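> I'm passing along query.txt; it holds compact mmCIF, C-alpha atoms.
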```
# COMPACT_ATOMS: atom_id res chain seq x y z
CA LEU A 1 -20.28 50.04 11.51
CA SER A 2 -22.62 52.25 9.52
CA GLU A 3 -23.60 51.67 5.92
CA ARG A 4 -21.38 52.88 3.10
CA PHE A 5 -21.65 56.54 2.20
CA THR A 6 -23.28 57.21 -1.17
CA ALA A 7 -22.96 60.35 -3.27
CA GLU A 8 -26.71 60.97 -2.90
CA ALA A 9 -26.44 61.04 0.90
CA LEU A 10 -23.66 63.65 0.97
CA THR A 11 -23.65 67.43 0.69
CA GLN A 12 -20.42 68.69 -0.77
CA GLU A 13 -20.65 72.35 0.18
CA LEU A 14 -21.53 73.86 3.56
CA ASP A 15 -21.00 77.54 4.38
CA LEU A 16 -19.48 77.50 7.86
CA PRO A 17 -17.35 80.02 9.72
CA ALA A 18 -13.70 79.02 9.47
CA ALA A 19 -13.42 78.82 13.25
CA SER A 20 -16.23 76.26 13.43
CA VAL A 21 -14.70 73.84 10.92
CA PRO A 22 -13.05 71.05 12.92
CA GLU A 23 -9.54 69.91 12.13
CA GLY A 24 -9.49 67.02 9.67
CA ALA A 25 -12.79 67.92 8.00
CA VAL A 26 -13.15 66.24 4.61
CA THR A 27 -13.70 68.65 1.72
CA ASP A 28 -13.58 66.24 -1.23
CA ILE A 29 -16.71 64.12 -1.69
CA GLU A 30 -14.73 61.46 -3.59
CA LEU A 31 -12.79 60.69 -0.41
CA VAL A 32 -16.03 59.79 1.40
CA VAL A 33 -18.11 57.82 -1.12
CA GLY A 34 -17.94 54.09 -0.45
CA ARG A 35 -16.42 54.44 3.01
CA LEU A 36 -17.82 53.75 6.47
CA THR A 37 -17.85 55.47 9.85
CA GLU A 38 -17.38 54.01 13.32
CA VAL A 39 -20.05 56.29 14.78
CA ASP A 40 -23.50 57.43 13.68
CA LEU A 41 -23.59 60.92 12.17
CA ALA A 42 -26.34 63.49 12.53
CA PRO A 43 -27.79 65.16 9.40
CA GLY A 44 -25.55 68.06 8.39
CA GLU A 45 -22.66 66.94 10.57
CA VAL A 46 -19.17 67.62 9.23
CA ILE A 47 -17.35 64.41 8.31
CA LEU A 48 -13.87 63.95 9.76
CA ALA A 49 -11.19 61.98 7.95
CA ARG A 50 -10.16 60.15 11.12
CA ARG A 51 -13.66 58.70 11.45
CA LEU A 52 -13.68 57.15 7.99
CA ILE A 53 -12.91 53.49 7.39
CA ASP A 54 -11.99 51.94 4.06
CA PRO A 55 -13.91 48.63 3.96
CA ASN A 56 -11.51 47.30 1.34
CA VAL A 57 -8.23 47.92 3.12
CA VAL A 58 -5.89 44.96 3.47
CA SER A 59 -4.12 44.65 6.81
CA GLY A 60 -0.57 43.47 7.39
CA ASP A 61 -1.72 39.88 7.88
CA GLY A 62 -3.40 39.91 4.47
CA ARG A 63 -6.93 40.01 5.84
CA GLN A 64 -9.31 42.28 3.97
CA GLY A 65 -11.55 44.51 6.07
CA VAL A 66 -15.17 44.20 4.91
CA ALA A 67 -18.32 45.52 6.56
CA LEU A 68 -20.53 42.51 7.21
CA ASP A 69 -24.15 42.63 8.38
CA GLU A 70 -25.12 40.09 11.03
CA ASP A 71 -27.63 38.40 8.70
CA LYS A 72 -25.21 37.98 5.80
CA VAL A 73 -22.10 35.97 4.97
CA LEU A 74 -19.04 36.83 2.94
CA MET A 75 -18.59 34.73 -0.20
CA ALA A 76 -15.84 34.61 -2.80
CA ILE A 77 -17.14 34.06 -6.33
CA PRO A 78 -14.56 32.66 -8.77
CA ALA A 79 -13.48 35.25 -11.32
CA GLN A 80 -14.59 33.28 -14.36
CA ASP A 81 -16.57 36.05 -16.09
CA LEU A 82 -15.12 38.29 -18.78
CA LEU A 83 -15.83 41.64 -17.09
CA THR A 84 -13.70 40.57 -14.14
CA LYS A 85 -10.93 39.30 -16.39
CA VAL A 86 -10.71 42.64 -18.21
CA LYS A 87 -10.54 44.41 -14.84
CA ILE A 88 -13.75 46.44 -15.12
CA TYR A 89 -14.97 45.95 -11.57
CA LYS A 90 -14.11 47.85 -8.42
CA PRO A 91 -15.41 47.63 -4.84
CA GLY A 92 -18.82 49.27 -4.53
CA ASP A 93 -20.05 48.21 -7.99
CA HIS A 94 -23.42 46.49 -8.15
CA ILE A 95 -23.77 43.43 -10.35
CA ASP A 96 -26.28 40.80 -11.40
CA ILE A 97 -25.19 37.16 -11.33
CA MET A 98 -26.23 34.73 -14.06
CA PHE A 99 -25.66 31.02 -14.55
CA SER A 100 -25.86 28.55 -17.41
CA LEU A 101 -26.49 24.93 -16.41
CA ASP A 102 -27.41 21.66 -18.10
CA PHE A 103 -30.81 20.36 -16.99
CA PRO A 104 -32.25 16.89 -17.76
CA THR A 105 -34.94 17.00 -20.43
CA THR A 106 -36.99 14.44 -18.47
CA ARG A 107 -37.32 14.24 -14.71
CA GLY A 108 -38.71 11.49 -12.54
CA VAL A 109 -38.86 8.99 -15.40
CA ALA A 110 -36.78 5.80 -15.36
CA SER A 111 -34.72 5.62 -18.53
CA SER A 112 -31.54 4.17 -19.91
CA THR A 113 -28.27 6.04 -19.78
CA GLU A 114 -28.60 6.86 -23.48
CA ASP A 115 -31.92 8.58 -22.83
CA ASN A 116 -30.57 10.83 -20.08
CA LYS A 117 -30.29 13.88 -22.31
CA THR A 118 -29.72 17.36 -20.99
CA GLU A 119 -30.42 20.84 -22.29
CA LEU A 120 -28.54 24.04 -21.50
CA SER A 121 -30.48 26.87 -19.85
CA SER A 122 -29.24 30.33 -18.87
CA PHE A 123 -31.00 32.29 -16.15
CA TYR A 124 -30.71 35.27 -13.84
CA THR A 125 -29.71 34.03 -10.40
CA LEU A 126 -29.16 37.03 -8.10
CA GLN A 127 -29.68 40.75 -8.69
CA ASN A 128 -28.18 43.98 -7.37
CA VAL A 129 -25.32 42.30 -5.51
CA GLU A 130 -22.64 44.68 -4.24
CA ILE A 131 -18.97 43.88 -4.74
CA VAL A 132 -17.29 44.54 -1.40
CA GLY A 133 -13.81 43.55 -2.50
CA LEU A 134 -11.63 41.82 -5.07
CA THR A 135 -8.78 39.43 -4.42
CA GLY A 136 -5.69 38.99 -6.55
CA LEU A 137 -5.06 42.71 -7.05
CA LEU A 138 -2.00 42.91 -4.84
CA ASN A 139 0.63 42.49 -7.54
CA PRO A 140 3.35 45.15 -7.29
CA ALA A 141 3.37 47.85 -9.95
CA PRO A 142 5.88 47.19 -12.75
CA THR A 143 9.13 49.10 -12.62
CA THR A 144 10.21 51.41 -15.42
CA GLY A 145 11.00 49.44 -18.55
CA GLU A 146 9.57 46.21 -17.16
CA LYS A 147 7.31 44.30 -19.52
CA VAL A 148 3.73 44.30 -18.28
CA ASP A 149 2.03 40.92 -18.05
CA PRO A 150 -1.59 41.28 -19.34
CA ALA A 151 -2.71 38.85 -16.64
CA ALA A 152 -1.12 40.87 -13.83
CA GLY A 153 -3.66 42.38 -11.47
CA VAL A 154 -6.57 40.26 -12.70
CA PRO A 155 -8.77 39.36 -9.69
CA ASP A 156 -8.94 35.75 -8.56
CA ALA A 157 -12.40 36.24 -7.08
CA LEU A 158 -15.14 38.76 -6.39
CA LEU A 159 -16.05 39.19 -2.72
CA VAL A 160 -19.78 39.68 -2.12
CA THR A 161 -22.07 39.58 0.90
CA LEU A 162 -25.16 37.37 0.58
CA ASN A 163 -27.77 35.90 2.84
CA ALA A 164 -27.09 32.28 3.72
CA GLN A 165 -29.69 30.82 1.33
CA ASP A 166 -28.37 32.78 -1.67
CA ALA A 167 -24.80 31.78 -0.83
CA LEU A 168 -25.82 28.12 -0.69
CA THR A 169 -27.63 28.45 -4.02
CA VAL A 170 -24.54 29.91 -5.71
CA LYS A 171 -22.42 27.11 -4.23
CA TYR A 172 -24.80 24.47 -5.58
CA LEU A 173 -24.77 25.96 -9.07
CA ILE A 174 -20.97 26.15 -9.10
CA ASP A 175 -20.59 22.60 -7.73
CA SER A 176 -23.08 21.36 -10.35
CA GLY A 177 -20.78 22.56 -13.12
CA GLY A 178 -22.70 25.72 -13.95
CA THR A 179 -20.99 28.52 -15.83
CA ILE A 180 -21.15 31.83 -13.97
CA ASP A 181 -21.27 35.26 -15.55
CA THR A 182 -21.93 38.75 -14.24
CA VAL A 183 -23.17 42.06 -15.63
CA LEU A 184 -22.60 45.56 -14.26
CA ARG A 185 -25.53 47.73 -13.21
CA ALA A 186 -25.65 51.47 -13.82
CA PRO A 187 -24.95 53.47 -10.64
CA GLY A 188 -28.05 53.88 -8.50
CA VAL A 189 -30.20 51.37 -10.42
CA GLU A 190 -31.69 48.99 -7.85
CA ARG A 191 -34.96 47.90 -9.50
CA PRO A 192 -35.32 44.22 -10.31
CA PHE A 193 -35.13 43.04 -13.90
CA GLU A 194 -37.46 40.27 -15.10
CA PRO A 195 -35.71 38.40 -17.93
CA ASP A 196 -37.02 35.00 -18.96
CA PRO A 197 -34.64 32.03 -18.74
CA VAL A 198 -33.12 31.26 -22.12
CA ASP A 199 -32.89 27.76 -23.57
CA TYR A 200 -33.00 26.10 -27.00
CA ASP A 201 -36.75 26.54 -27.41
CA TYR A 202 -36.62 30.20 -26.37
CA VAL A 203 -34.02 31.03 -29.02
CA ILE A 204 -35.97 29.13 -31.71
CA LYS A 205 -39.20 30.99 -30.91
CA ARG A 206 -37.70 34.44 -30.41
CA TYR A 207 -35.72 34.50 -33.64
CA LYS A 208 -38.18 32.38 -35.65
CA ILE A 209 -35.46 29.95 -36.63
CA PRO A 210 -36.82 27.24 -38.94
CA TYR A 211 -36.31 23.71 -37.69
CA GLU A 212 -37.72 20.28 -38.36
CA GLN A 213 -40.23 18.93 -35.87
CA GLY A 214 -38.76 16.19 -33.73
CA ARG A 215 -35.14 17.34 -33.97
```
Please express what this file holds, its structure, as structure tokens.

Amino acid sequence: LSERFTAEALTQELDLPAASVPEGAVTDIELVVGRLTEVDLAPGEVILARRLIDPNVVSGDGRQGVALDEDKVLMAIPAQDLLTKVKIYKPGDHIDIMFSLDFPTTRGVASSTEDNKTELSSFYTLQNVEIVGLTGLLNPAPTTGEKVDPAAGVPDALLVTLNAQDALTVKYLIDSGGTIDTVLRAPGVERPFEPDPVDYDYVIKRYKIPYEQGR
């Protein structure tokens, strides 16, 4: 399968003789963005509806169709973050993944159990990750007059494609008890951000919070 169509890669208007426009030609750019084709297209070629594939369609057996590169794996990230819970995300959005995790304040030093203190740190983990699907959105629409459950339609997980090392890293952080969160990128922004990890000392220094030495 080809890569997803983006708005930047499409031309919405082409002046063609009516007789040369093939049957099933797509005229609305919104029907193309985010979809795939089964065949490679030449520049300027008219896009036909029958050649488009929705990578997020769910088949009769409940399996979700997702385009997957041979060097990546599909991973489901638990929907623990607030943006997912308030139903902001949709397939095709690009997100950054962050974690907060307790780290030991001393490493490699034998100490008693009482001395095994930890300190919370928050850090950027992965950047510019595309959401290829969401699970838990298959609840039927409420009928007229039916009370709407605020939790209805909230995704259970975000489906993302990662390389194997990144997927294993995310698994380790989750299994270690880390708290996951995500943020939404503006459309088309792919540049890396360079935030510093945030811990107790960072907050103290940044906001010049007075504290007693040794606390």
> Choose the residue, out of A:Ile174, A:Phe5, A:Lys205, A:Val160, that has the smallest atom-to-atom separation from A:Ile29; count all atoms listed in the file.
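Using all atoms listed in the file, A:Ile29 sits closest to A:Phe5.
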> Pick out the closest residue to A:Leu134 from this set: A:Pro22, A:Gly92, A:Pro104, A:Pro210. Count only C-alpha atoms.
A:Gly92
> One decimal, Å: what's the distance from atom CA of A:Ser100 over to atom CA of A:Thr179, could you say?
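Calculated distance between atom CA of A:Ser100 and atom CA of A:Thr179 is 5.1 Å.
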> May I have the residues within 7 Å of A:Ala49 as an MDAnalysis selection string, using all atoms listed in the file and disregarding those fewer than 5 positions away in the same chain?
chainID A and resid 24:26
> Can you work out which one of A:Leu36, A:Val21, A:Leu168, A:Ile131 has the shortest atom-to-atom distance to A:Arg50, counting all atoms listed in the file?
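Answer, going by the shortest atom-to-atom distance: A:Leu36.
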> Nearest to A:Phe103 among A:Ala167, A:Val32, A:Leu158, A:Leu120, with distances taken over only C-alpha atoms: which residue is it?
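Smallest separation from A:Phe103 among the options: A:Leu120.
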> Just give me the gap between atom CA of A:Val33 and atom CA of A:Arg185 in Å, one decimal is fine.
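Atom CA of A:Arg185 lies at a distance of 17.4 Å from atom CA of A:Val33.
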> Hey, can you pull every residue with an atom no more than 10 Å from (-14.3, 34.1, -9.0), using all atoms listed in the file, and send it as a PyMOL selection string?
chain A and resi 75-81+84-85+134-135+155-159+180-181
> Hey, which of A:Asp201, A:Lys72, A:Ile47, A:Ile95 ends up closest to A:Leu31? Count all atoms listed in the file.
A:Ile47
> Tell me which of A:Asp93, A:Glu119, A:Asp69, A:Asp102 sits closest to A:Tyr200, counting all atoms listed in the file.
A:Glu119
> Atom CA of A:Tyr202 and atom CA of A:Asp166 are how many Å apart?
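Computing the Euclidean distance for atom CA of A:Tyr202 and atom CA of A:Asp166 yields 26.2 Å.
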> Would you compute an axis-aligned box for stretch 89-104 of chain A, covering every atom listed for it in the file with 6 Å of margin on each side, and report centre and edge lengths in Å to one decimal as lines of an AutoDock Vina configuration file?

```
center_x = -23.2
center_y = 33.1
center_z = -11.3
size_x = 30.1
size_y = 44.4
size_z = 25.6
```
> Since the input lacks some atoms of stretch 88-99 of chain A, please model all heavy atoms and print them as a PDB file, in the frame of the given file.

```pdb
ATOM      1  N   ILE A  88     -12.756  45.372 -15.118  1.00  0.00           N
ATOM      2  CA  ILE A  88     -13.750  46.440 -15.120  1.00  0.00           C
ATOM      3  C   ILE A  88     -14.203  46.790 -13.705  1.00  0.00           C
ATOM      4  O   ILE A  88     -14.435  47.952 -13.374  1.00  0.00           O
ATOM      5  CB  ILE A  88     -14.966  46.044 -15.980  1.00  0.00           C
ATOM      6  CG1 ILE A  88     -14.568  45.950 -17.451  1.00  0.00           C
ATOM      7  CG2 ILE A  88     -16.126  47.026 -15.800  1.00  0.00           C
ATOM      8  CD1 ILE A  88     -14.150  47.267 -18.072  1.00  0.00           C
ATOM      9  N   TYR A  89     -14.316  45.760 -12.861  1.00  0.00           N
ATOM     10  CA  TYR A  89     -14.970  45.950 -11.570  1.00  0.00           C
ATOM     11  C   TYR A  89     -14.078  46.611 -10.530  1.00  0.00           C
ATOM     12  O   TYR A  89     -12.846  46.487 -10.552  1.00  0.00           O
ATOM     13  CB  TYR A  89     -15.445  44.593 -11.023  1.00  0.00           C
ATOM     14  CG  TYR A  89     -16.593  43.991 -11.799  1.00  0.00           C
ATOM     15  CD1 TYR A  89     -16.637  42.629 -12.069  1.00  0.00           C
ATOM     16  CD2 TYR A  89     -17.632  44.785 -12.260  1.00  0.00           C
ATOM     17  CE1 TYR A  89     -17.689  42.070 -12.774  1.00  0.00           C
ATOM     18  CE2 TYR A  89     -18.690  44.227 -12.966  1.00  0.00           C
ATOM     19  CZ  TYR A  89     -18.718  42.884 -13.220  1.00  0.00           C
ATOM     20  OH  TYR A  89     -19.753  42.339 -13.918  1.00  0.00           O
ATOM     21  N   LYS A  90     -14.763  47.276  -9.597  1.00  0.00           N
ATOM     22  CA  LYS A  90     -14.110  47.850  -8.420  1.00  0.00           C
ATOM     23  C   LYS A  90     -15.046  47.684  -7.236  1.00  0.00           C
ATOM     24  O   LYS A  90     -16.260  47.512  -7.415  1.00  0.00           O
ATOM     25  CB  LYS A  90     -13.765  49.318  -8.654  1.00  0.00           C
ATOM     26  CG  LYS A  90     -14.969  50.215  -8.843  1.00  0.00           C
ATOM     27  CD  LYS A  90     -14.553  51.642  -9.130  1.00  0.00           C
ATOM     28  CE  LYS A  90     -15.765  52.568  -9.233  1.00  0.00           C
ATOM     29  NZ  LYS A  90     -16.726  52.159 -10.259  1.00  0.00           N
ATOM     30  N   PRO A  91     -14.535  47.730  -6.005  1.00  0.00           N
ATOM     31  CA  PRO A  91     -15.410  47.630  -4.840  1.00  0.00           C
ATOM     32  C   PRO A  91     -16.486  48.715  -4.861  1.00  0.00           C
ATOM     33  O   PRO A  91     -16.215  49.863  -5.207  1.00  0.00           O
ATOM     34  CB  PRO A  91     -14.443  47.819  -3.669  1.00  0.00           C
ATOM     35  CG  PRO A  91     -13.131  47.346  -4.191  1.00  0.00           C
ATOM     36  CD  PRO A  91     -13.108  47.771  -5.636  1.00  0.00           C
ATOM     37  N   GLY A  92     -17.702  48.333  -4.520  1.00  0.00           N
ATOM     38  CA  GLY A  92     -18.820  49.270  -4.530  1.00  0.00           C
ATOM     39  C   GLY A  92     -19.705  49.126  -5.747  1.00  0.00           C
ATOM     40  O   GLY A  92     -20.843  49.610  -5.751  1.00  0.00           O
ATOM     41  N   ASP A  93     -19.214  48.458  -6.812  1.00  0.00           N
ATOM     42  CA  ASP A  93     -20.050  48.210  -7.990  1.00  0.00           C
ATOM     43  C   ASP A  93     -21.169  47.241  -7.644  1.00  0.00           C
ATOM     44  O   ASP A  93     -21.006  46.352  -6.794  1.00  0.00           O
ATOM     45  CB  ASP A  93     -19.212  47.628  -9.130  1.00  0.00           C
ATOM     46  CG  ASP A  93     -18.340  48.668  -9.810  1.00  0.00           C
ATOM     47  OD1 ASP A  93     -18.631  49.877  -9.666  1.00  0.00           O
ATOM     48  OD2 ASP A  93     -17.367  48.285 -10.478  1.00  0.00           O
ATOM     49  N   HIS A  94     -22.296  47.404  -8.326  1.00  0.00           N
ATOM     50  CA  HIS A  94     -23.420  46.490  -8.150  1.00  0.00           C
ATOM     51  C   HIS A  94     -23.583  45.653  -9.414  1.00  0.00           C
ATOM     52  O   HIS A  94     -23.580  46.186 -10.526  1.00  0.00           O
ATOM     53  CB  HIS A  94     -24.710  47.268  -7.860  1.00  0.00           C
ATOM     54  CG  HIS A  94     -24.771  47.805  -6.472  1.00  0.00           C
ATOM     55  ND1 HIS A  94     -25.769  47.489  -5.581  1.00  0.00           N
ATOM     56  CD2 HIS A  94     -23.931  48.627  -5.800  1.00  0.00           C
ATOM     57  CE1 HIS A  94     -25.554  48.104  -4.421  1.00  0.00           C
ATOM     58  NE2 HIS A  94     -24.442  48.800  -4.537  1.00  0.00           N
ATOM     59  N   ILE A  95     -23.723  44.365  -9.222  1.00  0.00           N
ATOM     60  CA  ILE A  95     -23.770  43.430 -10.350  1.00  0.00           C
ATOM     61  C   ILE A  95     -24.979  42.514 -10.237  1.00  0.00           C
ATOM     62  O   ILE A  95     -25.585  42.372  -9.177  1.00  0.00           O
ATOM     63  CB  ILE A  95     -22.489  42.568 -10.421  1.00  0.00           C
ATOM     64  CG1 ILE A  95     -22.353  41.715  -9.144  1.00  0.00           C
ATOM     65  CG2 ILE A  95     -21.254  43.429 -10.644  1.00  0.00           C
ATOM     66  CD1 ILE A  95     -21.211  40.706  -9.195  1.00  0.00           C
ATOM     67  N   ASP A  96     -25.326  41.904 -11.365  1.00  0.00           N
ATOM     68  CA  ASP A  96     -26.280  40.800 -11.400  1.00  0.00           C
ATOM     69  C   ASP A  96     -25.515  39.535 -11.756  1.00  0.00           C
ATOM     70  O   ASP A  96     -24.593  39.577 -12.577  1.00  0.00           O
ATOM     71  CB  ASP A  96     -27.379  41.052 -12.434  1.00  0.00           C
ATOM     72  CG  ASP A  96     -28.258  42.242 -12.070  1.00  0.00           C
ATOM     73  OD1 ASP A  96     -28.265  42.631 -10.886  1.00  0.00           O
ATOM     74  OD2 ASP A  96     -28.924  42.772 -12.970  1.00  0.00           O
ATOM     75  N   ILE A  97     -25.881  38.435 -11.120  1.00  0.00           N
ATOM     76  CA  ILE A  97     -25.190  37.160 -11.330  1.00  0.00           C
ATOM     77  C   ILE A  97     -26.074  36.231 -12.138  1.00  0.00           C
ATOM     78  O   ILE A  97     -27.260  36.059 -11.832  1.00  0.00           O
ATOM     79  CB  ILE A  97     -24.836  36.505  -9.977  1.00  0.00           C
ATOM     80  CG1 ILE A  97     -23.921  37.437  -9.167  1.00  0.00           C
ATOM     81  CG2 ILE A  97     -24.160  35.154 -10.186  1.00  0.00           C
ATOM     82  CD1 ILE A  97     -23.629  36.939  -7.765  1.00  0.00           C
ATOM     83  N   MET A  98     -25.502  35.647 -13.187  1.00  0.00           N
ATOM     84  CA  MET A  98     -26.230  34.730 -14.060  1.00  0.00           C
ATOM     85  C   MET A  98     -25.503  33.395 -14.099  1.00  0.00           C
ATOM     86  O   MET A  98     -24.296  33.335 -13.871  1.00  0.00           O
ATOM     87  CB  MET A  98     -26.331  35.306 -15.475  1.00  0.00           C
ATOM     88  CG  MET A  98     -26.946  36.692 -15.543  1.00  0.00           C
ATOM     89  SD  MET A  98     -26.876  37.399 -17.221  1.00  0.00           S
ATOM     90  CE  MET A  98     -25.102  37.589 -17.423  1.00  0.00           C
ATOM     91  N   PHE A  99     -26.246  32.352 -14.401  1.00  0.00           N
ATOM     92  CA  PHE A  99     -25.660  31.020 -14.550  1.00  0.00           C
ATOM     93  C   PHE A  99     -26.212  30.344 -15.798  1.00  0.00           C
ATOM     94  O   PHE A  99     -27.353  30.598 -16.210  1.00  0.00           O
ATOM     95  CB  PHE A  99     -25.982  30.129 -13.342  1.00  0.00           C
ATOM     96  CG  PHE A  99     -24.945  30.179 -12.260  1.00  0.00           C
ATOM     97  CD1 PHE A  99     -25.072  31.076 -11.211  1.00  0.00           C
ATOM     98  CD2 PHE A  99     -23.838  29.347 -12.288  1.00  0.00           C
ATOM     99  CE1 PHE A  99     -24.131  31.131 -10.207  1.00  0.00           C
ATOM    100  CE2 PHE A  99     -22.887  29.395 -11.291  1.00  0.00           C
ATOM    101  CZ  PHE A  99     -23.027  30.286 -10.252  1.00  0.00           C
TER     102      PHE A  99
END
```
